[in-house]
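Student: The structure that follows is given in the form of structure tokens.
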Amino acid sequence: MHKRSYVLWTGPSGPVPPALCRGESVGSVGVRRRGVDGRVRSFEEIPHTGRNGWVNLLKFWREDRFRHLHKHMEKTFKELGPIYREHVGTQNTVNILLPGDISELFRSEGLHPQRMTLTAWATHREIRQHSKGVFLKNGKEWRSDRLLLNKEVMMASAVRRFLPLLNEVATDFCQMLIGRVEREGRGQGGRGGLTIDPSPDLFRFALEASCHVLYGERIGLFSASPSLESQKFIWAVERMLTTTLPLLFLPPRLLLLIGAPQWTQHAKAWDHIFSHAESRIQKGYQRLSSSREQGSSTATSRGQYPGVLGQLMEKGQLSLDLIKANLTELMAGGVDTTAVPLQFALFELGRNPDVQEEVRKQVKQSWAKAGGDPQVALQGAPLLKATIKEILSRLYPVGITVQRYPVRDIIIQNYHIPAGTAVQACLYPMGRSAEVFPDPLRFDPGRWASRGEEAGTSTEGAGFRSLAFGFGSRQCVGRRIAENEMQLLLMHVRMEFIYYDLETTYTLILQPRVPPRITFNKL
């Protein structure tokens, strides 16, 4: 029997008696449907962490909350209940975590859903006179570009085209790892195993796979001496993510004016990311132009997949500047956010050998029946997809919030929230809430594979428990690439692990504080 401990939390009219809220266990919060007098309460009455945004920002700096924002949110929900307001610097948000409340938010997102703009990114585009991709756009312009991109990266026909490229990279990664185990793993207790921090290799895998799908070319990151330029790109992405978080709460234009080091580092990182993308796009453009000038058939007409870049250029529906903007965003957002979840997945499978063995058996059986078709193999291994979902949707969401600005007034937890308010669905606290998931700290992919997205303690808002890639028309545009990339890597790598304690830190995406060390054994 799950033990509950009841919490007494304060409402506008004083303490709320336990009869009006469900109790709290580890990672769960009480639920209040009505105020003490039954009336809908005003926006100002929503519990908050302090009204002065600059004082709160000072607390964030002093207490190092930026790196532990996920833990801060979890703690605040326990203290204030299932909804609270937070004002930090220039950001003012309402935070929620229960699926039923999240479903109400998304029902009011409108035809052109809007999420929180990363002003530091937008400012960089403006001062460098770069076009903005769909990540930074809103309104009709966003929708027009997004529909064109969906055809190349989200639709089932697009997945069928690029899946063989991802499978090729995943297979090569596995062969590279096997070779390394054979060369370096001898003498470790006669087991032939190799204990390493796999994170550098996973980052190289994510970059190699992204380049292959987006640009239609391999860049040789699995060679004995990968290019320095690619290593610099990975560094630039990490620096960009690290510097983004503090810049969320300060006016970028002011930081630019005073020459703040944080802004200088951020802009320099983006400059390098754009430079890397520019060189890849120019090569692709030259290949396509050369084919046209010589009158030869294009890769697409010959039945070869030229990558997303080639597809977009051949169709000519987006300008070259918009293609560059969107592919740069996809590249910048597709390395860490794939490599880091793979670290978490390897770690959890390593310390849960029974789950690991169950996944492996299903994967091997499915691959044997698939006849070399990676799409058929993935379809026959639902536990593999469930493993990724358990990592990303519950235990370690790399993006810890999904934001929307409702287009109409809404009522959440009996509080009035005006249209245009920034509301955040907080994924990390939700994934660890016993009110949403039974036994929330247990790694259990089976909760998704056997019961689908209904896996929870109640059916209210059941479809809103898995939001790692966002929701609806504004969900992550690189979702299909990332999901298949991660599943194919886990499918191809046969491994066993040793347990390593893992702590998390937040740098715009959630990641391990210390990379786990994992033992790979040949089967």
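Quick note on naming: the chains in the structure tokens go A, B, ... in the order shown, residues restart at 1 in each chain, and ligands are numbered from 1 in order of appearance.
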Kindly provide the residues of segment 261-377 of chain A that approach segment 200-222 of chain A to within 9 Å, each paired with its closest atom pair and their distance in Å to one decimal, based on only C-alpha atoms, listed by chain and increasing number, as JSON lines.
Tutor:
{"residue": "A:Arg280", "atom": "CA", "partner": "A:Tyr215", "partner_atom": "CA", "distance": 6.8}
{"residue": "A:Ile281", "atom": "CA", "partner": "A:Tyr215", "partner_atom": "CA", "distance": 7.1}
{"residue": "A:Lys283", "atom": "CA", "partner": "A:Tyr215", "partner_atom": "CA", "distance": 8.9}
{"residue": "A:Gly284", "atom": "CA", "partner": "A:Tyr215", "partner_atom": "CA", "distance": 6.7}
{"residue": "A:Tyr305", "atom": "CA", "partner": "A:Gly216", "partner_atom": "CA", "distance": 7.4}
{"residue": "A:Pro306", "atom": "CA", "partner": "A:Gly216", "partner_atom": "CA", "distance": 5.0}
{"residue": "A:Gly307", "atom": "CA", "partner": "A:Gly216", "partner_atom": "CA", "distance": 4.0}
{"residue": "A:Val308", "atom": "CA", "partner": "A:Leu214", "partner_atom": "CA", "distance": 4.7}
{"residue": "A:Leu309", "atom": "CA", "partner": "A:Tyr215", "partner_atom": "CA", "distance": 5.3}
{"residue": "A:Gly310", "atom": "CA", "partner": "A:Tyr215", "partner_atom": "CA", "distance": 7.1}
{"residue": "A:Leu327", "atom": "CA", "partner": "A:Leu214", "partner_atom": "CA", "distance": 7.0}
{"residue": "A:Leu330", "atom": "CA", "partner": "A:Leu214", "partner_atom": "CA", "distance": 8.3}
{"residue": "A:Met331", "atom": "CA", "partner": "A:Ser210", "partner_atom": "CA", "distance": 6.6}
{"residue": "A:Gly334", "atom": "CA", "partner": "A:Ser210", "partner_atom": "CA", "distance": 6.9}
{"residue": "A:Val335", "atom": "CA", "partner": "A:Ala206", "partner_atom": "CA", "distance": 5.1}
{"residue": "A:Asp336", "atom": "CA", "partner": "A:Phe203", "partner_atom": "CA", "distance": 6.8}
{"residue": "A:Thr337", "atom": "CA", "partner": "A:Ala206", "partner_atom": "CA", "distance": 8.9}
{"residue": "A:Thr338", "atom": "CA", "partner": "A:Ala206", "partner_atom": "CA", "distance": 6.3}
{"residue": "A:Ala339", "atom": "CA", "partner": "A:Leu202", "partner_atom": "CA", "distance": 5.2}
{"residue": "A:Val340", "atom": "CA", "partner": "A:Leu202", "partner_atom": "CA", "distance": 8.0}
{"residue": "A:Leu342", "atom": "CA", "partner": "A:Leu202", "partner_atom": "CA", "distance": 7.4}
{"residue": "A:Gln343", "atom": "CA", "partner": "A:Leu202", "partner_atom": "CA", "distance": 7.7}
Student: Could you please take those selected residues and save C-alpha atoms as a JSON list (two decimals), in the first residue's frame?
Tutor:
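Writing done, so here's selection_27.json:
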[["chain", "number", "residue", "atom", "x", "y", "z"],
["A", 280, "ARG", "CA", 27.51, 22.35, -45.23],
["A", 281, "ILE", "CA", 24.70, 24.14, -47.06],
["A", 283, "LYS", "CA", 28.48, 22.22, -50.40],
["A", 284, "GLY", "CA", 24.96, 20.89, -50.88],
["A", 305, "TYR", "CA", 17.77, 10.38, -50.87],
["A", 306, "PRO", "CA", 19.72, 13.69, -50.93],
["A", 307, "GLY", "CA", 18.94, 14.66, -47.35],
["A", 308, "VAL", "CA", 16.49, 17.29, -46.13],
["A", 309, "LEU", "CA", 18.66, 20.02, -47.68],
["A", 310, "GLY", "CA", 18.51, 18.47, -51.14],
["A", 327, "LEU", "CA", 18.55, 23.55, -40.88],
["A", 330, "LEU", "CA", 17.63, 21.60, -36.45],
["A", 331, "MET", "CA", 21.38, 20.96, -36.20],
["A", 334, "GLY", "CA", 19.51, 17.89, -32.51],
["A", 335, "VAL", "CA", 22.89, 17.01, -31.00],
["A", 336, "ASP", "CA", 22.76, 17.45, -27.21],
["A", 337, "THR", "CA", 19.04, 16.67, -27.07],
["A", 338, "THR", "CA", 19.72, 13.26, -28.63],
["A", 339, "ALA", "CA", 23.08, 12.40, -27.09],
["A", 340, "VAL", "CA", 22.04, 13.26, -23.52],
["A", 342, "LEU", "CA", 20.96, 8.22, -24.81],
["A", 343, "GLN", "CA", 23.28, 8.64, -21.82]]
Student: Going by DSSP on the backbone, which residues of segment 28-221 of chain A come out as alpha helix (DSSP H)? List them as number ranges by chain.
Tutor: A: 53-62, 69-80, 99-106, 119-128, 139-153, 156-184, 199-215
Student: Between A:Pro82, A:Pro113, A:Gly179, A:Gly380, single out the one closest to Ser223 of chain A, counting only C-alpha atoms.
Tutor: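 Using only C-alpha atoms, the shortest distance to Ser223 of chain A belongs to A:Gly179.
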Student: Just how far from atom CA of Ile388 of chain A is atom CA of Pro164 of chain A, in Å to one decimal?
Tutor: 19.8 Å
Student: Please, what distance in Å, to one decimal, runs between atom CA of Gly333 of chain A and atom CA of Arg128 of chain A?
Tutor: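 Between atom CA of Gly333 of chain A and atom CA of Arg128 of chain A the gap is 19.4 Å.
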Student: Which residue gives the smallest distance to Gln175 of chain A among A:Ala468, A:Leu322, A:Leu489, A:Ile83, with only C-alpha atoms counted?
Tutor: A:Leu489
Student: Which residue, A:Phe437, A:Arg474, A:Trp367, A:His70, has the smallest gap to Leu111 of chain A when you use only C-alpha atoms?
Tutor: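 The answer is A:Arg474, which sits nearest to Leu111 of chain A.
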Student: List as a PyMOL selection string the protein and nucleic acid residues near Ala345 of chain A, meaning an atom at most 9 Å away when only C-alpha atoms are counted, but skip any in the same chain fewer than 6 places from it.
Tutor: chain A and resi 387-388+390-391+490
Student: Between atom CA of His87 of chain A and atom CA of Thr264 of chain A, what is the distance, to one decimal in Å?
Tutor: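 Atom CA of His87 of chain A sits 25.6 Å away from atom CA of Thr264 of chain A.
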Student: Need the shell around Glu109 of chain A: protein/DNA/RNA residues with any atom at most 8 Å away, counting only C-alpha atoms. Skip same-chain ones fewer than 4 positions apart. Format as a PyMOL selection string?
Tutor: chain A and resi 105+113-114+404-407
Student: Among segment 31-166 of chain A, which ones does DSSP place in strand (DSSP E or B), written as a PyMOL selection string?
Tutor: chain A and resi 41+48+83-88+91-96
Student: When you count only C-alpha atoms, which of these residues is closest to Val88 of chain A: A:Ala368, A:Leu247, A:Leu228, A:Leu256?
Tutor: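 Closest to Val88 of chain A of all the choices is A:Leu247.
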Student: Name the residues in contact with Lys75 of chain A at a cut-off of 12 Å, using only C-alpha atoms, excluding same-chain residues fewer than 3 positions from it; report them as a PyMOL selection string.
Tutor: chain A and resi 26-29+49+65+68-72+78-82+84+428-430+432-433
